[in-house]
Structures are given as structure tokens and as C-alpha cells.
Amino acid sequence: MGTTVKIAIAGEGGQGVQALADILAEAANDEGKEALYIPNFGIEQRGGVSLAFVQIATEPIGSPKFRHGDIVIALSERAISRTRQYITEDTLLVYDSSLVAPPEVDDEAIGLQTYDSVAPEAMAGAVSEQPKPGKVRLTRRAGRVVGIPATDTARQELHPRVFNMIVLGAAVRAAGMVKMEAIKKALESRFKSKFAGNPGLRELNYRALQRGVELVEAALAREEVRH
Amino acid sequence: MQRTLPFSENRVFVTGNEAVAWAALAAGADIMFGYPITPQNEIMHYWTRLAPAYGKKFLQTEDELSAGFTTIGGVLAGRKAFSATAGPGTVLFQEPVTMAEMMRIPMVVIIQQRGGPSTATVIYSQQEVNLAAFGGNGEGWRVVYSTANHQELYDYTIKAFNVAWTYRFPVFVLGDGYQAKMRESLVMYDPASRGMELAPAEAVVGKPGRPGSSRPAVHLRNAFSVEEELYESIMPGEEEFRSMARRVVEHDEEGTRGAELVIISHGVVSRAAVAAIKRLKEKGIKAGYFRPVTIRPFPEEALQRAVALCPRLLVVESALGQLARLVKEALFNRPVESFDTIFRPGVGITAEELVEAVIKIRQGGTTCV
């Protein structure tokens with residue numbers, strides 16, 4: 001029996017969600033895994049939540065989008081609202097704790113929300129329940145919830161522009177399906193000319209990936225202790 | 001200038017639109033005529049990027065009607081011409097495509113379905129089945145391949161040119177926005193390196209010699225003075241379409257013998273169906289899967305055989321019964337024990353939904369809309 005890991009990644013436009021999803025899928029493919037990446041695209045040119053779906057598998061992949069994610073990565077409050085429908089009790093929810101307060105489960109909403117019977121892209125239900133400012137509500141309890149200070153780490157230790165590489169590192173560790181070497185190879189092919197012009201950039205990106213791995217490991221360990 | 005593909009076999013990780021552009025190149029296409037519409041735009045973008053390096057051509061027209069007629073013009077001049085469109089563009093293509101049916105013009109058009117009616121969404125649906133199969137003011141003399149993955153987009157785009165130029169009927173490759181925009185792996189290949197022969201193109205007009213004396217005159221008709229003339233033209237055309245249909249009709253099928261229920265789907269939805277029957281098998285439930293690869297001509301006989309093995313059906317599509325209508329027609333007067341449906345116009349369908357639906361049906365429930 002094969003394994004499939006389903007990952008939904010959401011953030012604000014400009015956070016680099018699509019690029020990191022694309023690199024993750026490409027690296028998985030280079031490693032000989034089955035991989036599928038699809039951006040959520042609509043008629044908007046900019047603004048709004050950017051959402052990407054990635055599946056990595058050791059067997060042929062079914063439909064390009066999915067109902068429930070094994071891993072949901074949300075990089076803003078709106079991104080959590082936008083991805084609530086993909087979160088179940090089996091989901092690992094990773095959020096950026098620099099930007100988002102720890103999500104709370106809205107017990108009142110449990111039982112009222114009926115995403116189970118609504119198609120995955122039924123947005124009407126997902127957006128009608130607006131979160132209160134400063135609070136992020138989930139309609140179902142996620143299996144595990146881990147916060148990583150990706151934005152703060154990027155700003156304080158590295159560079160704001162490698163924010164998405166920190167998140168990519170976290171995604172790679174959380175998914176556990178792709179080797180870091182394959183990610184580096186994919187980065188190399190994508191940023192070949194940039195790296196050639198400035199080898200320091202390569203190092204910066206590698207450090208960001210590594211920090212992402214560390215942050216998610218630390219967060220998972222804390223979560224482990226809590227249980 | 002390069003004339004052939006820069007590889008004989010190449011495993012790539014690309015979008016479906018890029019796969020189509022490369023496939024058109026591999027199929028020996030000479031020129032694309034097109035008008036921009038999401039989600040097929042990148043077919044044009046990739047083609048215009050490839051075209052100069054391979055001595056190919058591109059013309060952007062003022063709308064889809066014009067894109068269709070210029071494609072016909074390219075074909076009449078003996079060029080392997082193609083176009084790509086979606087949604088409302090597929091509506092406008094019906095006039096030129098219907099003319100191509102009657103005049104037996106081998107045009108190839110890729111459709112990346114989006115949501116309807118009208119502008120609707122630019123994202124995804126399977127609502128262009130009616131249009132692709134029977135959209136014109138004629139009898140639906142077109143071949144429609146409904147693809148499920150990038151490998152098929154590549155394979156069937158090459159096949160579309162060959163079938164069009166062999167049998168001289170218009171051919172659609174029916175994809176969708178998901179297939180257009182997602183990235184997954186496929187093996188691109190040079191057809192020659194696999195021993196595949198490409199059907200040659202041949203000019204219809206402008207041939208050398210003097211029409212009527214040194215060679216027969218070409219008489220292309222799409223207008224008739226009296227009803228009987230039209231009738232006498234259509235009937236042999238229908239005969240030729242039927243004779244071609246037997247040779248090009250295709251389907252895919254798995255586990256229908258001994259199945260409790262058969263899931264019928266087409267295109268990208270069949271990926272969910274294949275995954276669902278696998279998961280059901282793990283739960284000890286034997287479900288089969290049937291998929292028309294050619295939506296037109298429809299694999300009626302194959303479906304009838306499958307239904308004779310298992311007369312309990314679940315038809316699943318991202319439209320309100322466009323596939324189901326074709327299924328019912330194919331099964332006219334055949335005994336069926338159950339006919340459940342999952343219709344989700346404009347949205348995708350997952351394996352999980354299908355697994356749940358099959359379990360519900362087994363427990364005596366129904367999923368009919």
C-alpha cells in the first residue's frame with residue numbers, strides 16, 4: 001500500500017506560498033516520488049489569500065485537490081480561515097506564531113459547520129464565519145497544532161526575503177517525504193543565475209531551510225510534552 | 001533552426017498547458033491560431049516561446065470565431081494547424097468546427113474546461129462535454145478525447161493530429177483548468193523514437209496543376225441549394241464517421257467483473273474513481289471503474305458489456321449530468337439495477353467522497369441529485 005501526504009499551504013500574496021509549494025513538489029518529483037502541485041487560481045490579479053495544494057506520494061495521485069489535508073500550513077489569520085475546511089483531527093496544523101495568535105477551537109461552531117457534506121471548494125460556508133480580530137478560530141480540533149515564529153526568525157536572524165524558505169524547511173520536516181538534498185537541487189535549478197551572481201544567497205537560503213526544520217522540530221517537541 | 005525535439009525521451013515536471021505545447025510540437029504542428037482565455041493561455045505562451053526556435057508560427061486573432069476559421073485556413077493550405085480555447089471560447093468555436101465537420105477539415109482544438117454558464121469561473125469544470133461532443137449545428141462529427149493526466153494530455157494531443165489527418169474529422173482534446181494549471185510528471189518523447197508514424201498533412205487548395213484539366217477540381221461545399229442535396233451529402237459523411245468511430249473509440253476499465261458497483265467517470269474525475277476503487281478494495285468492497293476516453297464517439301458497446309457484468313452504476317462528474325446523458329443513451333433498453341449519480345458542477349470530486357458514496361449506496365442509501 002502506498003503513502004500519500006496532502007499539504008495545503010496558505011498565506012498572504014507576496015509571502016511566497018506558490019514558490020515554496022512548487023519547489024517542494026518539484027523536489028519530490030526529482031526524487032522519483034509522485035508529486036502534484038496546483039495553485040488555487042481565480043480571477044483576482046492580486047490581494048486575497050494565496051493557496052497552494054501539494055501532494056507527494058509513492059503511488060499514483062488521485063484528484064488534484066483534496067478535502068482534508070495531512071498538513072495545513074497557514075501563514076496569516078485569514079489563511080487559517082481560508083484553510084479551516086481542510087483541517088481535521090488527523091491534520092498537523094503549522095502556523096506562523098509571529099503573525100497569528102494560537103488558534104482556538106470554536107466549540108459552538110462544531111456541529112454547525114458541515115464541510116463534510118459540502119464540496120471542497122464551497123467557499124460560501126468557509127468565509128461566512130469571520131474570525132474575531134486577534135483570535136483565530138478553528139471549526140474542528142486539529143490533530144496537532146504547532147506554531148513556528150517564521151516571520152520573526154527571518155527578520156531577526158536571516159533576511160525577510162527568505163521567510164518562505166523557513167516555511168519550506170518546516171514543510172519538508174513535517175511531510176517527511178522529501179530529502180533536503182532534493183530541495184537544494186530544486187533551488188539550484190530555479191535560482192541558478194542568482195546563486196552564481198551571489199553565492200552568499202545560496203548559503204542564506206540553506207540556513208533558512210535549516211532553521212525551518214529546527215523550528216518545527218522544537219514546536220513538535222513542545223507539543224509532544226503538552227500531551 | 002531546430003526541426004526535431006531536443007530529446008528522444010524526457011521525464012519532466014510541468015503544467016498541463018506546457019505539456020500540450022510540447023506535444024503539438026512533437027506531433028509536427030506547423031501553426032497555432034488562438035485567442036487568449038484562461039485557463040488555456042499558457043498553451044499559447046509556451047507555443048510562442050517554442051515556435052521561433054523550431055520554425056513554427058503563431059497568429060493571435062481577434063476572437064475565437066476567427067481563431068477557428070483561421071485554423072481551417074491553415075489546414076486547407078496543408079499545414080497542421082491547431083488552436084486552444086475554453087468556456088465561452090468553446091461556444092464560439094462551434095461554428096468553425098461544424099464547418100470543419102461538413103468539409104472534412106482536420107482541425108485540432110484543445111479545450112481546457114472552465115466553469116459555466118457564461119464567464120462563470122476560470123478555474124475548472126466538466127461542463128463542456130455537451131459542447132465538445134454535440135455543440136454545433138450538425139451531427140457531432142468530431143472526435144473528443146477526455147484526458148485524465150499529463151501523460152494523456154501529451155499522448156492524446158499527438159494522437160489528435162494523427163486521427164484528424166488520417167480520417168479528416170475535427171478532433172478535440174478535452175482537458176480542464178485543473179489539468180491545465182497543475183504540475184505533475186510525465187514522459188515527453190519524440191514519436192519517431194518510439195516508431196510512431198505521424199500522418200502527413202496535405203494541402204486541399206492551391207495544389208499544382210490546372211483544376212479540371214491536369215487534375216480534378218477541388219469542390220468544397222458548406223452551402224446547398226435544396227434539402228435533398230444536403231441529405232445526400234450528410235448520409236455518406238455519417239457512414240464514414242461511423243466507420244472511423246469503430247477504429248478510434250477508446251475506453252478504460254478496471255474490475256468490472258464481479259463488482260458490486262461500477263463507478264463511471266471521465267477526465268480528471270476518473271483519477272478519484274481509480275483511487276476510490278483501490279481504497280474500497282482494501283475495505284473488502286469490490287467496485288469497478290469504467291471511463292470513456294473518447295467522449296465522442298462514445299464507447300457504447302464496451303459500456304454495454306461492462307453493464308452486463310455489473311448492472312449497478314454510479315455516474316460521477318463535475319457537471320449536472322452531461323456524462324450521465326451519454327451513458328443513458330449508450331444503455332438504452334438495457335437492464336440496469338441501480339443508477340446513482342454524483343453531480344458537482346464546477347467543483348472537483350475526491351476519492352474520499354466516492355468511497356463514502358459507495359458505502360452509503362451499499363447500505364441502501366442513494367446519492368442521486
# chains A, B, ... in the order shown; residues from 1 in each chain; ligands from 1

$ closest_atom_pairs --of "chain B" --to "chain A" --cutoff "9 Å" --atoms "only C-alpha atoms" --output "tab-separated table"
residue	atom	partner	partner_atom	distance
B:Val12	CA	A:Asn29	CA	8.8
B:Phe13	CA	A:Glu26	CA	6.8
B:Thr15	CA	A:Ile38	CA	8.9
B:Thr121	CA	A:Gly42	CA	7.3
B:Val122	CA	A:Gly42	CA	6.2
B:Ile123	CA	A:Gly42	CA	6.2
B:Tyr178	CA	A:Pro64	CA	7.0
B:Gln179	CA	A:Pro64	CA	8.3
B:Lys181	CA	A:Ile38	CA	6.4
B:Met182	CA	A:Ile38	CA	4.3
B:Arg183	CA	A:Tyr37	CA	5.2
B:Glu184	CA	A:Leu36	CA	4.8
B:Ser185	CA	A:Asn29	CA	7.0
B:Val268	CA	A:Ser63	CA	6.9
B:Val269	CA	A:Ser63	CA	6.6
B:Ser270	CA	A:Gly62	CA	8.2
B:Arg271	CA	A:Gly62	CA	4.6
B:Ala272	CA	A:Gly62	CA	4.8
B:Ala273	CA	A:Gly62	CA	7.9
B:Val274	CA	A:Gly62	CA	7.4
B:Ala275	CA	A:Gly62	CA	5.7
B:Ala276	CA	A:Gly62	CA	8.5
B:Arg344	CA	A:Ala119	CA	7.8
B:Val347	CA	A:Glu121	CA	6.5
B:Gly348	CA	A:Lys65	CA	7.1
B:Ile349	CA	A:Ser63	CA	6.9
B:Thr350	CA	A:Ser63	CA	5.6
B:Ala351	CA	A:Gly62	CA	6.8
B:Glu352	CA	A:Arg67	CA	7.8
B:Glu353	CA	A:Arg67	CA	8.5

$ write_last_selection --atoms "N, CA and C atoms" --output "PDB file, in the first residue's frame"
ATOM      1  N   VAL B  12       9.636  14.915 -17.304  1.00  0.00           N
ATOM      2  CA  VAL B  12       9.562  16.321 -16.910  1.00  0.00           C
ATOM      3  C   VAL B  12       8.468  16.516 -15.862  1.00  0.00           C
ATOM      4  N   PHE B  13       8.519  17.665 -15.208  1.00  0.00           N
ATOM      5  CA  PHE B  13       7.532  18.031 -14.186  1.00  0.00           C
ATOM      6  C   PHE B  13       7.003  19.398 -14.585  1.00  0.00           C
ATOM      7  N   THR B  15       3.379  21.969 -16.143  1.00  0.00           N
ATOM      8  CA  THR B  15       1.923  22.154 -16.152  1.00  0.00           C
ATOM      9  C   THR B  15       1.335  21.443 -17.374  1.00  0.00           C
ATOM     10  N   THR B 121     -16.582  30.702 -13.810  1.00  0.00           N
ATOM     11  CA  THR B 121     -15.240  30.688 -13.223  1.00  0.00           C
ATOM     12  C   THR B 121     -14.209  30.428 -14.310  1.00  0.00           C
ATOM     13  N   VAL B 122     -12.970  30.791 -13.979  1.00  0.00           N
ATOM     14  CA  VAL B 122     -11.874  30.496 -14.915  1.00  0.00           C
ATOM     15  C   VAL B 122     -11.141  29.244 -14.443  1.00  0.00           C
ATOM     16  N   ILE B 123     -11.731  28.522 -13.492  1.00  0.00           N
ATOM     17  CA  ILE B 123     -10.958  27.521 -12.757  1.00  0.00           C
ATOM     18  C   ILE B 123     -11.114  26.104 -13.291  1.00  0.00           C
ATOM     19  N   TYR B 178      -7.939  22.352 -14.010  1.00  0.00           N
ATOM     20  CA  TYR B 178      -7.029  21.679 -13.076  1.00  0.00           C
ATOM     21  C   TYR B 178      -5.854  21.081 -13.849  1.00  0.00           C
ATOM     22  N   GLN B 179      -6.179  20.359 -14.905  1.00  0.00           N
ATOM     23  CA  GLN B 179      -5.111  19.735 -15.690  1.00  0.00           C
ATOM     24  C   GLN B 179      -4.216  20.800 -16.331  1.00  0.00           C
ATOM     25  N   LYS B 181      -3.429  23.782 -15.175  1.00  0.00           N
ATOM     26  CA  LYS B 181      -2.603  24.574 -14.262  1.00  0.00           C
ATOM     27  C   LYS B 181      -1.747  23.753 -13.311  1.00  0.00           C
ATOM     28  N   MET B 182      -2.095  22.498 -13.108  1.00  0.00           N
ATOM     29  CA  MET B 182      -1.306  21.751 -12.122  1.00  0.00           C
ATOM     30  C   MET B 182       0.000  21.265 -12.738  1.00  0.00           C
ATOM     31  N   ARG B 183       0.948  20.965 -11.849  1.00  0.00           N
ATOM     32  CA  ARG B 183       2.212  20.385 -12.307  1.00  0.00           C
ATOM     33  C   ARG B 183       2.277  18.954 -11.816  1.00  0.00           C
ATOM     34  N   GLU B 184       2.619  18.048 -12.715  1.00  0.00           N
ATOM     35  CA  GLU B 184       2.916  16.677 -12.334  1.00  0.00           C
ATOM     36  C   GLU B 184       3.868  16.102 -13.378  1.00  0.00           C
ATOM     37  N   SER B 185       4.309  14.892 -13.151  1.00  0.00           N
ATOM     38  CA  SER B 185       5.339  14.339 -14.040  1.00  0.00           C
ATOM     39  C   SER B 185       4.717  13.680 -15.268  1.00  0.00           C
ATOM     40  N   VAL B 268     -10.454  14.102 -15.525  1.00  0.00           N
ATOM     41  CA  VAL B 268      -9.690  14.192 -14.281  1.00  0.00           C
ATOM     42  C   VAL B 268     -10.422  13.516 -13.110  1.00  0.00           C
ATOM     43  N   VAL B 269     -11.757  13.441 -13.195  1.00  0.00           N
ATOM     44  CA  VAL B 269     -12.525  12.805 -12.115  1.00  0.00           C
ATOM     45  C   VAL B 269     -12.205  11.312 -12.024  1.00  0.00           C
ATOM     46  N   SER B 270     -11.798  10.711 -13.155  1.00  0.00           N
ATOM     47  CA  SER B 270     -11.505   9.272 -13.091  1.00  0.00           C
ATOM     48  C   SER B 270     -10.303   8.968 -12.214  1.00  0.00           C
ATOM     49  N   ARG B 271      -9.453   9.982 -11.980  1.00  0.00           N
ATOM     50  CA  ARG B 271      -8.338   9.758 -11.046  1.00  0.00           C
ATOM     51  C   ARG B 271      -8.886   9.430  -9.665  1.00  0.00           C
ATOM     52  N   ALA B 272      -9.940  10.166  -9.268  1.00  0.00           N
ATOM     53  CA  ALA B 272     -10.572   9.909  -7.973  1.00  0.00           C
ATOM     54  C   ALA B 272     -11.236   8.542  -7.973  1.00  0.00           C
ATOM     55  N   ALA B 273     -11.843   8.173  -9.108  1.00  0.00           N
ATOM     56  CA  ALA B 273     -12.526   6.883  -9.204  1.00  0.00           C
ATOM     57  C   ALA B 273     -11.532   5.736  -9.056  1.00  0.00           C
ATOM     58  N   VAL B 274     -10.386   5.851  -9.724  1.00  0.00           N
ATOM     59  CA  VAL B 274      -9.366   4.796  -9.646  1.00  0.00           C
ATOM     60  C   VAL B 274      -8.865   4.666  -8.208  1.00  0.00           C
ATOM     61  N   ALA B 275      -8.593   5.829  -7.572  1.00  0.00           N
ATOM     62  CA  ALA B 275      -8.126   5.804  -6.181  1.00  0.00           C
ATOM     63  C   ALA B 275      -9.204   5.220  -5.269  1.00  0.00           C
ATOM     64  N   ALA B 276     -10.466   5.553  -5.550  1.00  0.00           N
ATOM     65  CA  ALA B 276     -11.571   5.083  -4.690  1.00  0.00           C
ATOM     66  C   ALA B 276     -11.729   3.567  -4.765  1.00  0.00           C
ATOM     67  N   ARG B 344     -21.404  17.376  -9.445  1.00  0.00           N
ATOM     68  CA  ARG B 344     -20.842  18.533  -8.741  1.00  0.00           C
ATOM     69  C   ARG B 344     -20.368  19.559  -9.769  1.00  0.00           C
ATOM     70  N   VAL B 347     -16.985  21.921  -9.456  1.00  0.00           N
ATOM     71  CA  VAL B 347     -16.033  21.598  -8.389  1.00  0.00           C
ATOM     72  C   VAL B 347     -15.451  20.200  -8.596  1.00  0.00           C
ATOM     73  N   GLY B 348     -14.300  20.000  -7.993  1.00  0.00           N
ATOM     74  CA  GLY B 348     -13.621  18.716  -8.116  1.00  0.00           C
ATOM     75  C   GLY B 348     -14.286  17.654  -7.261  1.00  0.00           C
ATOM     76  N   ILE B 349     -13.962  16.414  -7.548  1.00  0.00           N
ATOM     77  CA  ILE B 349     -14.518  15.287  -6.803  1.00  0.00           C
ATOM     78  C   ILE B 349     -13.341  14.450  -6.301  1.00  0.00           C
ATOM     79  N   THR B 350     -13.375  14.117  -5.004  1.00  0.00           N
ATOM     80  CA  THR B 350     -12.241  13.398  -4.425  1.00  0.00           C
ATOM     81  C   THR B 350     -12.570  11.924  -4.223  1.00  0.00           C
ATOM     82  N   ALA B 351     -11.507  11.137  -4.067  1.00  0.00           N
ATOM     83  CA  ALA B 351     -11.669   9.703  -3.812  1.00  0.00           C
ATOM     84  C   ALA B 351     -12.458   9.475  -2.521  1.00  0.00           C
ATOM     85  N   GLU B 352     -12.196  10.309  -1.497  1.00  0.00           N
ATOM     86  CA  GLU B 352     -12.895  10.148  -0.217  1.00  0.00           C
ATOM     87  C   GLU B 352     -14.413  10.231  -0.401  1.00  0.00           C
ATOM     88  N   GLU B 353     -14.843  11.227  -1.199  1.00  0.00           N
ATOM     89  CA  GLU B 353     -16.283  11.382  -1.450  1.00  0.00           C
ATOM     90  C   GLU B 353     -16.860  10.131  -2.098  1.00  0.00           C
TER      91      GLU B 353
END

$ residues_around --residues "Ala245 of chain B" --least-positions-apart "6" --cutoff "12 Å" --atoms "only C-alpha atoms" --output "MDAnalysis selection string"
chainID B and resid 140:144 163 167 169 238:239 294:301

$ write_last_selection --atoms "N, CA and C atoms" --output "PDB file, in the first residue's frame"
ATOM      1  N   GLY B 140     -22.443  16.304 -34.914  1.00  0.00           N
ATOM      2  CA  GLY B 140     -21.400  15.936 -33.947  1.00  0.00           C
ATOM      3  C   GLY B 140     -20.340  15.024 -34.530  1.00  0.00           C
ATOM      4  N   TRP B 141     -19.896  15.322 -35.745  1.00  0.00           N
ATOM      5  CA  TRP B 141     -18.838  14.512 -36.363  1.00  0.00           C
ATOM      6  C   TRP B 141     -17.477  14.995 -35.873  1.00  0.00           C
ATOM      7  N   ARG B 142     -17.231  14.788 -34.615  1.00  0.00           N
ATOM      8  CA  ARG B 142     -15.904  15.134 -34.118  1.00  0.00           C
ATOM      9  C   ARG B 142     -15.443  14.046 -33.164  1.00  0.00           C
ATOM     10  N   VAL B 143     -14.136  13.940 -33.026  1.00  0.00           N
ATOM     11  CA  VAL B 143     -13.572  13.008 -32.053  1.00  0.00           C
ATOM     12  C   VAL B 143     -13.212  13.836 -30.824  1.00  0.00           C
ATOM     13  N   VAL B 144     -13.601  13.364 -29.641  1.00  0.00           N
ATOM     14  CA  VAL B 144     -13.306  14.093 -28.399  1.00  0.00           C
ATOM     15  C   VAL B 144     -12.578  13.172 -27.420  1.00  0.00           C
ATOM     16  N   VAL B 163      -5.164  11.355 -35.814  1.00  0.00           N
ATOM     17  CA  VAL B 163      -6.534  10.923 -36.129  1.00  0.00           C
ATOM     18  C   VAL B 163      -7.207  11.943 -37.053  1.00  0.00           C
ATOM     19  N   TYR B 167      -8.359  10.595 -40.725  1.00  0.00           N
ATOM     20  CA  TYR B 167      -9.785  10.412 -41.026  1.00  0.00           C
ATOM     21  C   TYR B 167     -10.480  11.690 -41.479  1.00  0.00           C
ATOM     22  N   PHE B 169     -11.598  14.367 -39.792  1.00  0.00           N
ATOM     23  CA  PHE B 169     -12.660  14.946 -38.975  1.00  0.00           C
ATOM     24  C   PHE B 169     -11.976  15.833 -37.928  1.00  0.00           C
ATOM     25  N   GLU B 238     -21.953  10.541 -42.556  1.00  0.00           N
ATOM     26  CA  GLU B 238     -22.303   9.797 -41.349  1.00  0.00           C
ATOM     27  C   GLU B 238     -21.734   8.377 -41.417  1.00  0.00           C
ATOM     28  N   GLU B 239     -21.829   7.804 -42.587  1.00  0.00           N
ATOM     29  CA  GLU B 239     -21.301   6.442 -42.780  1.00  0.00           C
ATOM     30  C   GLU B 239     -19.791   6.416 -42.499  1.00  0.00           C
ATOM     31  N   THR B 294     -12.751   8.311 -25.245  1.00  0.00           N
ATOM     32  CA  THR B 294     -13.414   9.123 -26.270  1.00  0.00           C
ATOM     33  C   THR B 294     -14.849   9.383 -25.792  1.00  0.00           C
ATOM     34  N   ILE B 295     -15.126  10.667 -25.563  1.00  0.00           N
ATOM     35  CA  ILE B 295     -16.491  11.073 -25.202  1.00  0.00           C
ATOM     36  C   ILE B 295     -17.371  10.992 -26.447  1.00  0.00           C
ATOM     37  N   ARG B 296     -16.741  11.256 -27.574  1.00  0.00           N
ATOM     38  CA  ARG B 296     -17.399  11.129 -28.891  1.00  0.00           C
ATOM     39  C   ARG B 296     -16.346  10.589 -29.834  1.00  0.00           C
ATOM     40  N   PRO B 297     -16.493   9.482 -30.521  1.00  0.00           N
ATOM     41  CA  PRO B 297     -17.605   8.541 -30.355  1.00  0.00           C
ATOM     42  C   PRO B 297     -17.558   7.886 -28.977  1.00  0.00           C
ATOM     43  N   PHE B 298     -18.737   7.624 -28.440  1.00  0.00           N
ATOM     44  CA  PHE B 298     -18.835   7.070 -27.091  1.00  0.00           C
ATOM     45  C   PHE B 298     -18.668   5.548 -27.147  1.00  0.00           C
ATOM     46  N   PRO B 299     -17.914   4.967 -26.193  1.00  0.00           N
ATOM     47  CA  PRO B 299     -17.681   3.503 -26.213  1.00  0.00           C
ATOM     48  C   PRO B 299     -18.913   2.725 -25.749  1.00  0.00           C
ATOM     49  N   GLU B 300     -19.945   2.770 -26.586  1.00  0.00           N
ATOM     50  CA  GLU B 300     -21.239   2.189 -26.194  1.00  0.00           C
ATOM     51  C   GLU B 300     -21.165   0.687 -25.965  1.00  0.00           C
ATOM     52  N   GLU B 301     -20.515   0.001 -26.930  1.00  0.00           N
ATOM     53  CA  GLU B 301     -20.501  -1.465 -26.820  1.00  0.00           C
ATOM     54  C   GLU B 301     -19.718  -1.909 -25.599  1.00  0.00           C
TER      55      GLU B 301
END

$ atom_distance --atom1 "atom CA of Gln126 of chain B" --atom2 "atom CA of Glu260 of chain B"
26.5 Å

$ residues_around --residues "Asp152 of chain A" --least-positions-apart "4" --cutoff "8 Å" --atoms "only C-alpha atoms" --output "list in words"
Ser98, Gln156 and Glu157 of chain A

$ write_last_selection --atoms "N, CA and C atoms" --output "PDB file, in the first residue's frame"
ATOM      1  N   SER A  98       4.531  34.243  14.699  1.00  0.00           N
ATOM      2  CA  SER A  98       4.887  35.665  14.729  1.00  0.00           C
ATOM      3  C   SER A  98       3.704  36.526  14.317  1.00  0.00           C
ATOM      4  N   GLN A 156      14.888  38.702  12.121  1.00  0.00           N
ATOM      5  CA  GLN A 156      15.933  38.923  13.123  1.00  0.00           C
ATOM      6  C   GLN A 156      17.223  38.164  12.838  1.00  0.00           C
ATOM      7  N   GLU A 157      17.097  36.953  12.289  1.00  0.00           N
ATOM      8  CA  GLU A 157      18.307  36.138  12.132  1.00  0.00           C
ATOM      9  C   GLU A 157      18.822  36.085  10.703  1.00  0.00           C
TER      10      GLU A 157
END

$ residues_around --residues "segment 22-31 of chain B" --least-positions-apart "2" --cutoff "7 Å" --atoms "only C-alpha atoms" --output "list in words"
Leu5, Glu18, Ala19, Val20, Phe33, Lys56, Lys57, Phe58, Arg79, Lys80, Ala81, Phe82, Tyr154, Thr157, Ile158, Phe161, Asp190, Pro191 and Leu198 of chain B

$ atom_distance --atom1 "atom CA of Thr48 of chain B" --atom2 "atom CA of Gly68 of chain B"
17.9 Å
